[in-house]
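A.B. asks: target.txt is reproduced below (compact mmCIF, N, CA, C and O atoms and all ligand atoms).
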# COMPACT_ATOMS: atom_id res chain seq x y z
N MET W 1 -8.62 -12.66 0.45
CA MET W 1 -8.79 -13.06 1.86
C MET W 1 -9.13 -11.83 2.70
O MET W 1 -8.44 -10.83 2.64
N LYS W 2 -10.19 -11.95 3.42
CA LYS W 2 -10.64 -10.82 4.23
C LYS W 2 -10.14 -10.96 5.65
O LYS W 2 -10.26 -12.01 6.27
N ARG W 3 -9.55 -9.89 6.14
CA ARG W 3 -9.09 -9.89 7.53
C ARG W 3 -10.10 -9.15 8.40
O ARG W 3 -10.72 -8.21 7.95
N PRO W 4 -10.19 -9.60 9.65
CA PRO W 4 -10.99 -8.79 10.58
C PRO W 4 -10.28 -7.47 10.83
O PRO W 4 -9.11 -7.30 10.50
N ASP W 5 -10.99 -6.54 11.43
CA ASP W 5 -10.40 -5.24 11.71
C ASP W 5 -9.17 -5.39 12.59
O ASP W 5 -9.14 -6.20 13.50
N LYS W 6 -8.19 -4.58 12.28
CA LYS W 6 -6.96 -4.62 13.05
C LYS W 6 -7.21 -4.11 14.48
O LYS W 6 -7.80 -3.05 14.65
N PRO W 7 -6.75 -4.88 15.45
CA PRO W 7 -6.94 -4.40 16.83
C PRO W 7 -6.08 -3.17 17.08
O PRO W 7 -4.99 -3.03 16.52
N LYS W 8 -6.57 -2.29 17.91
CA LYS W 8 -5.85 -1.04 18.16
C LYS W 8 -4.67 -1.22 19.08
O LYS W 8 -3.67 -0.51 18.98
N THR W 9 -4.80 -2.17 20.00
CA THR W 9 -3.72 -2.36 20.97
C THR W 9 -3.45 -3.84 21.19
O THR W 9 -4.30 -4.69 20.95
N CYS W 10 -2.25 -4.13 21.65
CA CYS W 10 -1.86 -5.48 22.01
C CYS W 10 -2.59 -5.90 23.29
O CYS W 10 -2.61 -5.13 24.26
N PRO W 11 -3.20 -7.11 23.30
CA PRO W 11 -3.93 -7.53 24.50
C PRO W 11 -3.00 -7.83 25.68
O PRO W 11 -3.44 -7.93 26.81
N LYS W 12 -1.72 -7.99 25.40
CA LYS W 12 -0.78 -8.37 26.47
C LYS W 12 -0.15 -7.14 27.12
O LYS W 12 -0.15 -7.01 28.34
N CYS W 13 0.39 -6.23 26.30
CA CYS W 13 1.12 -5.11 26.86
C CYS W 13 0.44 -3.77 26.61
O CYS W 13 0.86 -2.76 27.15
N GLY W 14 -0.60 -3.78 25.76
CA GLY W 14 -1.34 -2.54 25.54
C GLY W 14 -0.70 -1.61 24.52
O GLY W 14 -1.18 -0.51 24.29
N SER W 15 0.39 -2.04 23.90
CA SER W 15 1.04 -1.21 22.89
C SER W 15 0.15 -1.04 21.67
O SER W 15 -0.59 -1.94 21.29
N ALA W 16 0.25 0.12 21.05
CA ALA W 16 -0.52 0.37 19.83
C ALA W 16 0.24 -0.10 18.60
O ALA W 16 -0.26 0.01 17.48
N LYS W 17 1.44 -0.61 18.79
CA LYS W 17 2.26 -1.04 17.65
C LYS W 17 1.90 -2.47 17.29
O LYS W 17 2.63 -3.42 17.60
N VAL W 18 0.76 -2.62 16.64
CA VAL W 18 0.28 -3.92 16.23
C VAL W 18 0.38 -4.02 14.72
O VAL W 18 -0.14 -3.16 14.00
N ALA W 19 1.07 -5.04 14.24
CA ALA W 19 1.25 -5.21 12.81
C ALA W 19 0.48 -6.43 12.32
O ALA W 19 0.36 -7.43 13.03
N ALA W 20 -0.02 -6.35 11.11
CA ALA W 20 -0.64 -7.50 10.47
C ALA W 20 0.46 -8.44 10.02
O ALA W 20 1.45 -8.03 9.43
N ILE W 21 0.32 -9.73 10.32
CA ILE W 21 1.32 -10.70 9.91
C ILE W 21 1.00 -11.19 8.50
O ILE W 21 -0.12 -11.62 8.22
N LEU W 22 1.98 -11.09 7.64
CA LEU W 22 1.82 -11.49 6.24
C LEU W 22 2.52 -12.82 6.03
O LEU W 22 3.72 -12.95 6.31
N TYR W 23 1.79 -13.82 5.57
CA TYR W 23 2.37 -15.14 5.34
C TYR W 23 2.65 -15.35 3.87
O TYR W 23 2.16 -14.65 3.01
N GLY W 24 3.46 -16.37 3.64
CA GLY W 24 3.84 -16.66 2.27
C GLY W 24 5.08 -15.87 1.90
O GLY W 24 5.69 -15.20 2.72
N LEU W 25 5.45 -15.95 0.66
CA LEU W 25 6.61 -15.22 0.17
C LEU W 25 6.13 -13.95 -0.50
O LEU W 25 5.62 -13.99 -1.62
N PRO W 26 6.27 -12.84 0.17
CA PRO W 26 5.76 -11.59 -0.40
C PRO W 26 6.65 -11.09 -1.54
O PRO W 26 7.83 -11.42 -1.61
N VAL W 27 6.04 -10.36 -2.42
CA VAL W 27 6.79 -9.68 -3.47
C VAL W 27 7.25 -8.35 -2.90
O VAL W 27 6.44 -7.50 -2.54
N PHE W 28 8.55 -8.21 -2.76
CA PHE W 28 9.05 -6.98 -2.17
C PHE W 28 8.97 -5.83 -3.17
O PHE W 28 9.43 -5.93 -4.30
N ASN W 29 8.34 -4.77 -2.72
CA ASN W 29 8.31 -3.55 -3.52
C ASN W 29 8.30 -2.38 -2.55
O ASN W 29 8.32 -2.57 -1.33
N ASP W 30 8.27 -1.21 -3.08
CA ASP W 30 8.35 -0.03 -2.23
C ASP W 30 7.19 0.05 -1.24
O ASP W 30 7.37 0.41 -0.08
N ASP W 31 6.00 -0.33 -1.71
CA ASP W 31 4.83 -0.26 -0.83
C ASP W 31 4.99 -1.21 0.35
O ASP W 31 4.70 -0.86 1.49
N LEU W 32 5.45 -2.43 0.07
CA LEU W 32 5.61 -3.41 1.14
C LEU W 32 6.69 -2.97 2.12
O LEU W 32 6.51 -3.04 3.33
N GLU W 33 7.79 -2.49 1.59
CA GLU W 33 8.87 -2.05 2.48
C GLU W 33 8.43 -0.88 3.35
O GLU W 33 8.79 -0.80 4.53
N ARG W 34 7.65 0.01 2.76
CA ARG W 34 7.14 1.13 3.53
C ARG W 34 6.23 0.65 4.66
O ARG W 34 6.29 1.13 5.78
N ALA W 35 5.37 -0.31 4.33
CA ALA W 35 4.43 -0.83 5.33
C ALA W 35 5.19 -1.53 6.46
O ALA W 35 4.82 -1.41 7.63
N ILE W 36 6.24 -2.26 6.12
CA ILE W 36 7.04 -2.93 7.15
C ILE W 36 7.76 -1.89 8.00
O ILE W 36 7.77 -1.97 9.23
N ASP W 37 8.36 -0.90 7.34
CA ASP W 37 9.05 0.16 8.07
C ASP W 37 8.10 0.90 8.99
O ASP W 37 8.46 1.34 10.08
N ALA W 38 6.86 1.06 8.55
CA ALA W 38 5.88 1.80 9.34
C ALA W 38 5.28 0.95 10.45
O ALA W 38 4.52 1.45 11.26
N GLY W 39 5.63 -0.33 10.48
CA GLY W 39 5.10 -1.20 11.52
C GLY W 39 3.68 -1.66 11.26
O GLY W 39 2.98 -2.09 12.16
N GLU W 40 3.26 -1.57 10.00
CA GLU W 40 1.90 -2.00 9.68
C GLU W 40 1.85 -3.48 9.33
O GLU W 40 0.82 -4.13 9.47
N ILE W 41 2.96 -4.00 8.84
CA ILE W 41 3.01 -5.39 8.41
C ILE W 41 4.25 -6.06 8.99
O ILE W 41 5.33 -5.45 9.04
N ALA W 42 4.09 -7.30 9.45
CA ALA W 42 5.21 -8.11 9.89
C ALA W 42 5.21 -9.38 9.06
O ALA W 42 4.15 -9.90 8.70
N LEU W 43 6.38 -9.89 8.76
CA LEU W 43 6.45 -11.09 7.93
C LEU W 43 6.40 -12.34 8.82
O LEU W 43 7.14 -12.47 9.78
N GLY W 44 5.49 -13.25 8.47
CA GLY W 44 5.28 -14.44 9.30
C GLY W 44 5.96 -15.67 8.76
O GLY W 44 5.88 -16.73 9.37
N GLY W 45 6.64 -15.58 7.65
CA GLY W 45 7.30 -16.75 7.09
C GLY W 45 6.40 -17.46 6.10
O GLY W 45 5.23 -17.12 5.93
N CYS W 46 6.97 -18.47 5.46
CA CYS W 46 6.25 -19.09 4.35
C CYS W 46 5.47 -20.32 4.78
O CYS W 46 4.74 -20.89 3.98
N CYS W 47 5.64 -20.75 6.02
CA CYS W 47 4.96 -21.97 6.45
C CYS W 47 3.66 -21.61 7.17
O CYS W 47 3.68 -20.95 8.20
N ILE W 48 2.56 -22.03 6.62
CA ILE W 48 1.27 -21.74 7.21
C ILE W 48 0.77 -23.01 7.90
O ILE W 48 0.62 -24.05 7.27
N MET W 49 0.56 -22.91 9.20
CA MET W 49 0.22 -24.09 9.99
C MET W 49 -1.28 -24.31 10.11
O MET W 49 -1.71 -25.34 10.58
N GLY W 50 -2.06 -23.33 9.73
CA GLY W 50 -3.50 -23.49 9.79
C GLY W 50 -4.15 -22.72 10.91
O GLY W 50 -5.31 -22.38 10.83
N ASP W 51 -3.40 -22.47 11.98
CA ASP W 51 -3.99 -21.69 13.07
C ASP W 51 -3.06 -20.53 13.45
O ASP W 51 -2.85 -20.23 14.61
N ASP W 52 -2.46 -19.96 12.44
CA ASP W 52 -1.49 -18.91 12.68
C ASP W 52 -2.16 -17.62 13.13
O ASP W 52 -3.25 -17.30 12.69
N PRO W 53 -1.49 -16.90 13.99
CA PRO W 53 -2.07 -15.63 14.45
C PRO W 53 -2.09 -14.60 13.33
O PRO W 53 -1.29 -14.66 12.39
N LEU W 54 -3.00 -13.66 13.43
CA LEU W 54 -3.14 -12.62 12.41
C LEU W 54 -2.30 -11.40 12.73
O LEU W 54 -1.95 -10.64 11.83
N TRP W 55 -2.02 -11.19 14.00
CA TRP W 55 -1.41 -9.93 14.42
C TRP W 55 -0.18 -10.18 15.27
O TRP W 55 -0.10 -11.15 16.00
N ARG W 56 0.75 -9.26 15.19
CA ARG W 56 1.94 -9.34 16.04
C ARG W 56 2.19 -7.97 16.67
O ARG W 56 2.20 -6.96 15.99
N CYS W 57 2.43 -8.01 17.98
CA CYS W 57 2.81 -6.79 18.69
C CYS W 57 4.29 -6.54 18.45
O CYS W 57 5.12 -7.43 18.65
N LEU W 58 4.62 -5.35 18.02
CA LEU W 58 6.02 -5.04 17.74
C LEU W 58 6.80 -4.72 19.01
O LEU W 58 8.02 -4.66 18.99
N GLU W 59 6.10 -4.52 20.10
CA GLU W 59 6.76 -4.20 21.37
C GLU W 59 7.19 -5.47 22.09
O GLU W 59 8.34 -5.66 22.43
N CYS W 60 6.22 -6.37 22.35
CA CYS W 60 6.52 -7.56 23.17
C CYS W 60 6.55 -8.84 22.34
O CYS W 60 6.76 -9.91 22.87
N LYS W 61 6.34 -8.72 21.03
CA LYS W 61 6.38 -9.87 20.10
C LYS W 61 5.24 -10.86 20.32
O LYS W 61 5.27 -11.97 19.79
N HIS W 62 4.27 -10.46 21.12
CA HIS W 62 3.11 -11.32 21.33
C HIS W 62 2.33 -11.44 20.02
O HIS W 62 2.11 -10.44 19.33
N GLU W 63 1.94 -12.66 19.68
CA GLU W 63 1.14 -12.88 18.47
C GLU W 63 -0.22 -13.37 18.86
O GLU W 63 -0.35 -14.23 19.73
N PHE W 64 -1.24 -12.84 18.21
CA PHE W 64 -2.60 -13.14 18.65
C PHE W 64 -3.56 -13.02 17.49
O PHE W 64 -3.19 -12.61 16.40
N GLY W 65 -4.80 -13.40 17.76
CA GLY W 65 -5.84 -13.26 16.75
C GLY W 65 -5.90 -14.45 15.80
O GLY W 65 -5.46 -14.38 14.66
N LYS W 66 -6.43 -15.58 16.29
CA LYS W 66 -6.58 -16.74 15.41
C LYS W 66 -7.67 -16.47 14.39
O LYS W 66 -8.67 -15.85 14.72
N ARG W 67 -7.49 -16.99 13.19
CA ARG W 67 -8.52 -16.83 12.20
C ARG W 67 -9.74 -17.68 12.58
O ARG W 67 -9.60 -18.74 13.06
ZN ZN I 101 2.49 -6.38 23.24
Using C-alpha cells, write down the structure from this file.
C.D. replies:
Amino acid sequence: MKRPDKPKTCPKCGSAKVAAILYGLPVFNDDLERAIDAGEIALGGCCIMGDDPLWRCLECKHEFGKR
C-alpha cells in the first residue's frame, strides 16, 4: 500500500509532530516501538471504516488526510 507523502505540519495547529496512523494489528518489534516512541507512527486500531485518516497530529490529536 502506497501512502502519499507525509505532511510536514498539522493543518489545524501547525505542529510538526505528525504521525502516520497504522491500522490493523501490528506485529510489535523493536523497529515499530522505536517508530512509535519517535512519534512517526500512531496506532489507529484494528477496525478500518473505509475513510480513515492517514495522519494524526500528536499535539492536538487532529486526524486528517483521507485516502
Ligand atoms: Zn495539530
A.B. asks: Once you count only C-alpha atoms and all ligand atoms, which residues end up within 7 Å of ligand ZN 101 (chain I), and could you hand them over as a VMD selection string?
C.D. replies: chain W and resid 10 to 15 57 to 62
A.B. asks: Can you work out which one of W:Ala20, W:Asp5, W:Phe64, W:Pro53 has the shortest atom-to-atom distance to Ile36 of chain W, counting only N, CA, C and O atoms?
C.D. replies: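 Nearest to Ile36 of chain W: W:Ala20.
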A.B. asks: Can you pull out every residue from chain W that DSSP, working from the backbone, puts in helix (DSSP H, G or I), and format the result as a VMD selection string?
C.D. replies: chain W and resid 30 to 37
A.B. asks: I want to know what sits within 7 Å of segment 42-49 of chain W, based on only C-alpha atoms, with residues of the same chain fewer than 2 positions away left out; could you give that as a PyMOL selection string?
C.D. replies: chain W and resi 19-25+36+40+51-52
A.B. asks: If DSSP is run on the backbone, what residues of chain W are strand (DSSP E)? A reply as a list in words would be ideal.
C.D. replies: Val18, Ala19, Ala20, Ile21, Leu22, Tyr23, Ile41, Ala42, Leu43, Gly44, Gly45, Pro53, Leu54, Trp55, Arg56, Cys57, Glu63, Phe64, Gly65 and Lys66 of chain W
A.B. asks: Figure out the distance between atom N of Pro4 of chain W and atom C of Pro26 of chain W, please, to one decimal in Å.
C.D. replies: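 Rounded to one decimal, the two atoms are 20.3 Å apart.
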A.B. asks: Rank nothing, just name the residue among W:Leu32, W:Leu54, W:Val27, W:Ala38 nearest to Lys6 of chain W, using only N, CA, C and O atoms.
C.D. replies: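 Closest to Lys6 of chain W, using only N, CA, C and O atoms: W:Leu54.
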A.B. asks: Between atom O of Gly39 of chain W and atom C of Thr9 of chain W, what is the distance, to one decimal in Å?
C.D. replies: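 Separating atom O of Gly39 of chain W from atom C of Thr9 of chain W is a distance of 11.2 Å.
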A.B. asks: Kindly give the distance, in Å, that separates atom C of Asn29 of chain W and atom O of Ile41 of chain W, rounded to a single decimal.
C.D. replies: 12.4 Å
A.B. asks: Show me, as JSON, the centre and edge lengths in Å to one decimal of the axis-aligned box that covers every listed atom of segment 19-22 of chain W with 5 Å on each side.
C.D. replies:
{"center_x": 1.5, "center_y": -9.0, "center_z": 10.1, "size_x": 14.4, "size_y": 17.9, "size_z": 18.2}
